[in-house]
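All remarks here apply to the structure that follows.
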Amino acid sequence: MAASPASSASSGSSASSASSGSSAAPASSGSSASGGPLPDRPRVTQLRLSAFAGHRRAVLRLGPLTVLAGPSGSGKTSALRAYDALARLGGGAELGAVFADPTACVPERARPDAQHRRGFRIGCTADGAQGPVHLDVAVQAEPELRIVGERLTADGVVLLETALRDPGRRAVQAAWHTAGSAPVTRAPLPDDRLGTPLLPLRVAGKTDGQRRVLAAAEQMVVALRSVFACDPRPGRMREPVPAGSGRLLGGCDNLADVLWRTRAECGRRHAQFVAAVRTGCAGPVEDVLAEPVLGGVVRALLDRGDGVRTGLARLGYGELRYLALALVLFTGPGVLAVDPAGEVPAALQTLTVLADGFDRGLDVRQRAELLRLAARMCDRGHIRLVGAVADASWVAGADGSGGVTVVHLEP
């Protein structure tokens with residue numbers, strides 16, 4: 001597939017090379033035409049991989065639309081995996097459910113300490129009404145999985161800090177900012193969950209310091225929630241699927257089931273989706289629909305407008321990935337299999353799409369159109385996207401892709 005020579009980021013943004021093996025210099029974030037996301041809408045603006053898989057001391061700046069670029073082995077997938085892990089931990093998931101194979105997250109050359117312990121460290125920054133709030137987490141992977149340290153800070157003030165004091169106890173000692181008669185409050189927290197999302201259950205909010213802790217924790221949790229990690233698998237999209245909940249899975253296997261639902265829910269959004277499919281698929285496309293077939297299953301079809309309907313089984317690999325990613329960008333938390341913060345108004349939430357292999361299998365026309373679509377949707381402020389590509393030289397040449405943040409990773 002040919003890619004026209006271009007600068008590493010589109011107009012309005014810049015990028016500098018980053019090495020995932022040592023340090024990662026972030027690309028600067030471009031501003032969108034409408035001025036970017038709302039100032040009080042919490043969003044993750046930085047991912048820190050202090051020691052995670054192949055990354056050491058890596059700092060990745062994230063804009064509304066971010067492209068992680070680098071060859072195979074540069075750590076694009078592991079960076080997305082770390083982001084997804086933080087999102088799930090922020091939602092209250094147990095450590096073991098998030099890291100099924102924790103030793104794979106430990107840097108390869110990391111040496112165990114005297115107690116034979118090895119682990120990894122990840123973190124992020126969430127911007128919003130409280131300003132930049134920083135979260136850093138240290139996880140022990142061996143000999144047993146547990147959180148051994150967590151720190152939540154803002155404006156140089158440590159709002160929450162935990163540490164493993166007694167390896168024989170399944171708890172960490174936590175201290176959070178109080179600024180009352182006592183500067184901090186101390187209490188144990190479990191070592192198998194992140195402490196930040198637990199703070200609303202433990203902090204009374206009676207002092208200014210406690211209210212500051214709660215506000216910062218809420219900003220971090222809301223910024224991390226509503227993450228949809230996807231990597232469409234065309235091989236599984238070609239067959240009819242059982243009619244179910246209509247919530248799109250990360251592999252987009254049940255795309256037909258979701259189309260069965262979304263086509264009837266919002267005619268305007270569906271028309272925009274069809275227009276995007278028309279641009280990225282070969283031949284005429286008048287509609288994209290799903291229909292039931294025998295056995296309680298549904299199949300997806302392209303209506304060619306001349307009486308011919310083409311099943312997804314006849315579409316090419318790139319066409320299917322393009323179609324699936326376009327559908328993801330046009331939908332929201334109510335359609336995607338994500339866990340939004342139900343207690344927070346939708347106007348204050350942002351859906352973040354993590355798209356591994358964003359340009360995999362796409363031709364020049366498809367990837368440019370998908371990037372333009374992503375830029376248009378991200379410009380509205382309610383959606384953000386972090387996509388991984390092997391080579392970002394084509395990004396600057398994609399018309400209308402202003403405001404793309406490109407972060408270069410190297411093995």
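Labels for the structure tokens follow display order: chains A, B, ..., residues from 1 in each chain, ligands from 1.
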Near region 188-200 of chain A, within 8 Å and counting only C-alpha atoms, which residues show up once chain neighbours fewer than 3 positions away are dropped, as a tab-separated table (two decimals) with N, CA and C atoms, in the first residue's frame?
```tsv
chain	number	residue	atom	x	y	z
A	89	LEU	N	-9.47	-0.34	35.84
A	89	LEU	CA	-9.20	-0.15	37.26
A	89	LEU	C	-9.97	1.06	37.78
A	90	GLY	N	-10.03	2.12	36.99
A	90	GLY	CA	-10.78	3.31	37.38
A	90	GLY	C	-12.26	3.03	37.54
A	91	GLY	N	-12.74	2.02	36.83
A	91	GLY	CA	-14.14	1.62	36.96
A	91	GLY	C	-14.39	0.68	38.12
A	92	GLY	N	-13.36	0.34	38.88
A	92	GLY	CA	-13.53	-0.50	40.05
A	92	GLY	C	-13.25	-1.97	39.84
A	93	ALA	N	-12.71	-2.34	38.68
A	93	ALA	CA	-12.43	-3.76	38.42
A	93	ALA	C	-11.32	-4.28	39.31
A	94	GLU	N	-11.37	-5.57	39.61
A	94	GLU	CA	-10.32	-6.21	40.40
A	94	GLU	C	-9.05	-6.36	39.56
A	95	LEU	N	-7.93	-6.33	40.24
A	95	LEU	CA	-6.64	-6.38	39.58
A	95	LEU	C	-6.48	-7.66	38.75
A	96	GLY	N	-6.91	-8.80	39.29
A	96	GLY	CA	-6.77	-10.06	38.58
A	96	GLY	C	-7.60	-10.12	37.32
A	145	LEU	N	0.05	-11.11	42.57
A	145	LEU	CA	-0.44	-9.86	41.99
A	145	LEU	C	-1.10	-9.00	43.06
A	146	ARG	N	-0.63	-7.75	43.18
A	146	ARG	CA	-1.22	-6.82	44.13
A	146	ARG	C	-0.76	-5.41	43.83
A	147	ILE	N	-1.56	-4.43	44.22
A	147	ILE	CA	-1.15	-3.04	44.13
A	147	ILE	C	-0.29	-2.72	45.34
A	148	VAL	N	0.91	-2.19	45.09
A	148	VAL	CA	1.82	-1.90	46.19
A	148	VAL	C	2.00	-0.40	46.40
A	150	GLU	N	0.10	3.68	45.18
A	150	GLU	CA	-0.76	4.52	44.34
A	150	GLU	C	-0.63	5.95	44.82
A	152	LEU	N	-2.24	9.96	43.98
A	152	LEU	CA	-3.10	10.90	43.27
A	152	LEU	C	-2.68	12.30	43.68
A	160	LEU	N	-3.89	11.54	47.62
A	160	LEU	CA	-4.01	10.16	48.10
A	160	LEU	C	-2.68	9.47	47.87
A	162	THR	N	-0.88	5.54	48.78
A	162	THR	CA	-0.96	4.23	49.43
A	162	THR	C	0.40	3.54	49.31
A	170	ARG	N	-3.35	-8.48	53.19
A	170	ARG	CA	-3.90	-8.16	51.88
A	170	ARG	C	-4.53	-6.78	51.91
A	171	ALA	N	-3.70	-5.80	52.24
A	171	ALA	CA	-4.16	-4.41	52.31
A	171	ALA	C	-2.97	-3.49	52.17
A	172	VAL	N	-3.25	-2.27	51.74
A	172	VAL	CA	-2.23	-1.23	51.69
A	172	VAL	C	-2.63	-0.14	52.67
A	173	GLN	N	-1.64	0.57	53.19
A	173	GLN	CA	-1.92	1.68	54.08
A	173	GLN	C	-2.15	2.93	53.23
A	174	ALA	N	-3.30	3.56	53.40
A	174	ALA	CA	-3.66	4.73	52.60
A	174	ALA	C	-3.68	5.97	53.47
A	203	VAL	N	-14.25	8.99	52.10
A	203	VAL	CA	-13.98	10.39	52.44
A	203	VAL	C	-15.30	11.10	52.72
A	204	ALA	N	-15.39	11.74	53.87
A	204	ALA	CA	-16.65	12.36	54.28
A	204	ALA	C	-16.97	13.65	53.53
A	214	LEU	N	-12.15	14.56	46.81
A	214	LEU	CA	-13.28	13.95	46.12
A	214	LEU	C	-13.43	14.49	44.70
A	217	ALA	N	-10.65	12.98	42.54
A	217	ALA	CA	-10.90	11.56	42.28
A	217	ALA	C	-12.01	11.39	41.27
A	218	GLU	N	-13.07	12.19	41.39
A	218	GLU	CA	-14.17	12.10	40.43
A	218	GLU	C	-13.70	12.45	39.03
A	221	VAL	N	-11.72	9.47	37.66
A	221	VAL	CA	-12.55	8.31	37.36
A	221	VAL	C	-13.41	8.56	36.12
```
Practice prompt. Just the alpha helix (DSSP H) stuff from region 140-320 of chain A, please, per backbone DSSP, written as a VMD selection string.
Written response: chain A and resid 199 to 202 208 to 224 234 to 237 255 to 265 267 to 280 317 to 320
Discussion item. If we count only C-alpha atoms and set the cut-off at 12 Å, which residues sit around region 101-111 of chain A, ignoring sequence neighbours fewer than 6 positions away in its own chain? Please answer as JSON, numbers by chain.
Written reply: {"A": [20, 21, 22, 49, 50, 51, 52, 53, 54, 55, 56, 57, 75, 77, 78, 79, 81, 82, 85, 95, 117, 118, 119, 120, 121, 122, 138, 139, 140, 141, 142, 143, 144, 145, 146, 147]}
Practice prompt. Name the residues of region 191-270 of chain A that come out as strand (DSSP E or B) in a backbone DSSP run; write them as a list in words.
Written response: Val227, Phe228, Ala229, Cys230, Val241, Pro242 and Leu248 of chain A
Residues near Ala337 (chain A), cut-off 9 Å, only C-alpha atoms, skip fewer than 6 positions along chain, as a PDB file with N, CA and C atoms, in the first residue's frame:
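File part22.pdb, as written:
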```pdb
ATOM      1  N   PHE A 228     -13.592   2.293  25.006  1.00  0.00           N
ATOM      2  CA  PHE A 228     -13.950   1.169  24.143  1.00  0.00           C
ATOM      3  C   PHE A 228     -12.719   0.752  23.355  1.00  0.00           C
ATOM      4  N   ARG A 247     -25.271  -4.367  21.652  1.00  0.00           N
ATOM      5  CA  ARG A 247     -24.088  -3.617  22.101  1.00  0.00           C
ATOM      6  C   ARG A 247     -22.853  -4.191  21.412  1.00  0.00           C
ATOM      7  N   LEU A 248     -22.140  -3.333  20.709  1.00  0.00           N
ATOM      8  CA  LEU A 248     -21.032  -3.768  19.867  1.00  0.00           C
ATOM      9  C   LEU A 248     -19.855  -4.262  20.702  1.00  0.00           C
ATOM     10  N   LEU A 249     -19.335  -5.430  20.349  1.00  0.00           N
ATOM     11  CA  LEU A 249     -18.181  -6.006  21.020  1.00  0.00           C
ATOM     12  C   LEU A 249     -16.890  -5.416  20.464  1.00  0.00           C
ATOM     13  N   GLY A 250     -15.798  -5.599  21.193  1.00  0.00           N
ATOM     14  CA  GLY A 250     -14.528  -5.020  20.788  1.00  0.00           C
ATOM     15  C   GLY A 250     -14.014  -5.539  19.462  1.00  0.00           C
TER      16      GLY A 250
END
```
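Using only C-alpha atoms, the nearest neighbour of Ala216 (chain A) within the list A:Leu62, A:Ala390, A:Leu135, A:Val404 is A:Leu135.
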Discussion item. For a test of reading the model, state the distance in Å between CA of Leu80 (chain A) and CA of Gly280 (chain A), rounded to one decimal.
Written reply: 25.7 Å
Item to complete: Please identify all polymer residues within 12 Å of Met377 (chain A), counting only C-alpha atoms, omitting same-chain residues fewer than 2 positions from it, and present them as a PyMOL selection string.
Response: chain A and resi 32-34+36-37+64-65+269+272-273+326-332+350-353+370-375+379-385+400-401+403
Neighbouring residues of Ala223 (chain A) were defined as those with any atom within 6 Å, considering only C-alpha atoms; residues of the same chain fewer than 6 positions away were excluded. Please report them as a compact mmCIF listing (two decimals) with C-alpha atoms, in the first residue's frame.
```txt
# COMPACT_ATOMS: atom_id res chain seq x y z
CA PRO A 42 -12.71 15.34 32.07
CA ARG A 43 -10.30 13.70 29.63
CA VAL A 44 -7.01 11.81 29.79
```
Practice prompt. Show which residues sit within 10 Å of Thr310 (chain A), as a ChimeraX atom specification. Count only C-alpha atoms, and ignore same-chain residues fewer than 2 positions away.
Written response: /A:285,288,300-304,308,312-315
Atoms to include: N, CA and C atoms. Write the selected residues as a PDB file, in the first residue's frame.
```
ATOM      1  N   VAL A 285     -23.560   2.113  -2.932  1.00  0.00           N
ATOM      2  CA  VAL A 285     -24.137   1.751  -1.638  1.00  0.00           C
ATOM      3  C   VAL A 285     -25.289   2.709  -1.354  1.00  0.00           C
ATOM      4  N   VAL A 288     -27.169   0.431   4.336  1.00  0.00           N
ATOM      5  CA  VAL A 288     -26.529  -0.645   5.089  1.00  0.00           C
ATOM      6  C   VAL A 288     -27.573  -1.135   6.078  1.00  0.00           C
ATOM      7  N   ALA A 300     -25.887  -8.881   8.040  1.00  0.00           N
ATOM      8  CA  ALA A 300     -25.763  -7.516   7.533  1.00  0.00           C
ATOM      9  C   ALA A 300     -25.573  -7.535   6.024  1.00  0.00           C
ATOM     10  N   LEU A 301     -26.111  -6.497   5.377  1.00  0.00           N
ATOM     11  CA  LEU A 301     -26.089  -6.417   3.909  1.00  0.00           C
ATOM     12  C   LEU A 301     -25.834  -4.992   3.462  1.00  0.00           C
ATOM     13  N   LEU A 302     -25.262  -4.867   2.273  1.00  0.00           N
ATOM     14  CA  LEU A 302     -25.182  -3.585   1.586  1.00  0.00           C
ATOM     15  C   LEU A 302     -26.238  -3.575   0.499  1.00  0.00           C
ATOM     16  N   ASP A 303     -27.115  -2.578   0.531  1.00  0.00           N
ATOM     17  CA  ASP A 303     -28.126  -2.416  -0.520  1.00  0.00           C
ATOM     18  C   ASP A 303     -27.503  -1.609  -1.641  1.00  0.00           C
ATOM     19  N   ARG A 304     -27.363  -2.250  -2.807  1.00  0.00           N
ATOM     20  CA  ARG A 304     -26.703  -1.588  -3.936  1.00  0.00           C
ATOM     21  C   ARG A 304     -27.626  -0.633  -4.688  1.00  0.00           C
ATOM     22  N   VAL A 308     -29.988  -5.396  -5.894  1.00  0.00           N
ATOM     23  CA  VAL A 308     -28.949  -6.329  -5.455  1.00  0.00           C
ATOM     24  C   VAL A 308     -28.535  -5.978  -4.030  1.00  0.00           C
ATOM     25  N   LEU A 312     -22.089  -9.353   3.878  1.00  0.00           N
ATOM     26  CA  LEU A 312     -20.740  -9.005   4.326  1.00  0.00           C
ATOM     27  C   LEU A 312     -19.718 -10.075   3.954  1.00  0.00           C
ATOM     28  N   ALA A 313     -20.169 -11.300   3.730  1.00  0.00           N
ATOM     29  CA  ALA A 313     -19.240 -12.368   3.361  1.00  0.00           C
ATOM     30  C   ALA A 313     -18.526 -12.072   2.055  1.00  0.00           C
ATOM     31  N   ARG A 314     -19.106 -11.216   1.226  1.00  0.00           N
ATOM     32  CA  ARG A 314     -18.506 -10.882  -0.071  1.00  0.00           C
ATOM     33  C   ARG A 314     -17.578  -9.674  -0.009  1.00  0.00           C
ATOM     34  N   LEU A 315     -17.551  -8.989   1.123  1.00  0.00           N
ATOM     35  CA  LEU A 315     -16.718  -7.784   1.219  1.00  0.00           C
ATOM     36  C   LEU A 315     -15.274  -8.141   1.537  1.00  0.00           C
TER      37      LEU A 315
END
```
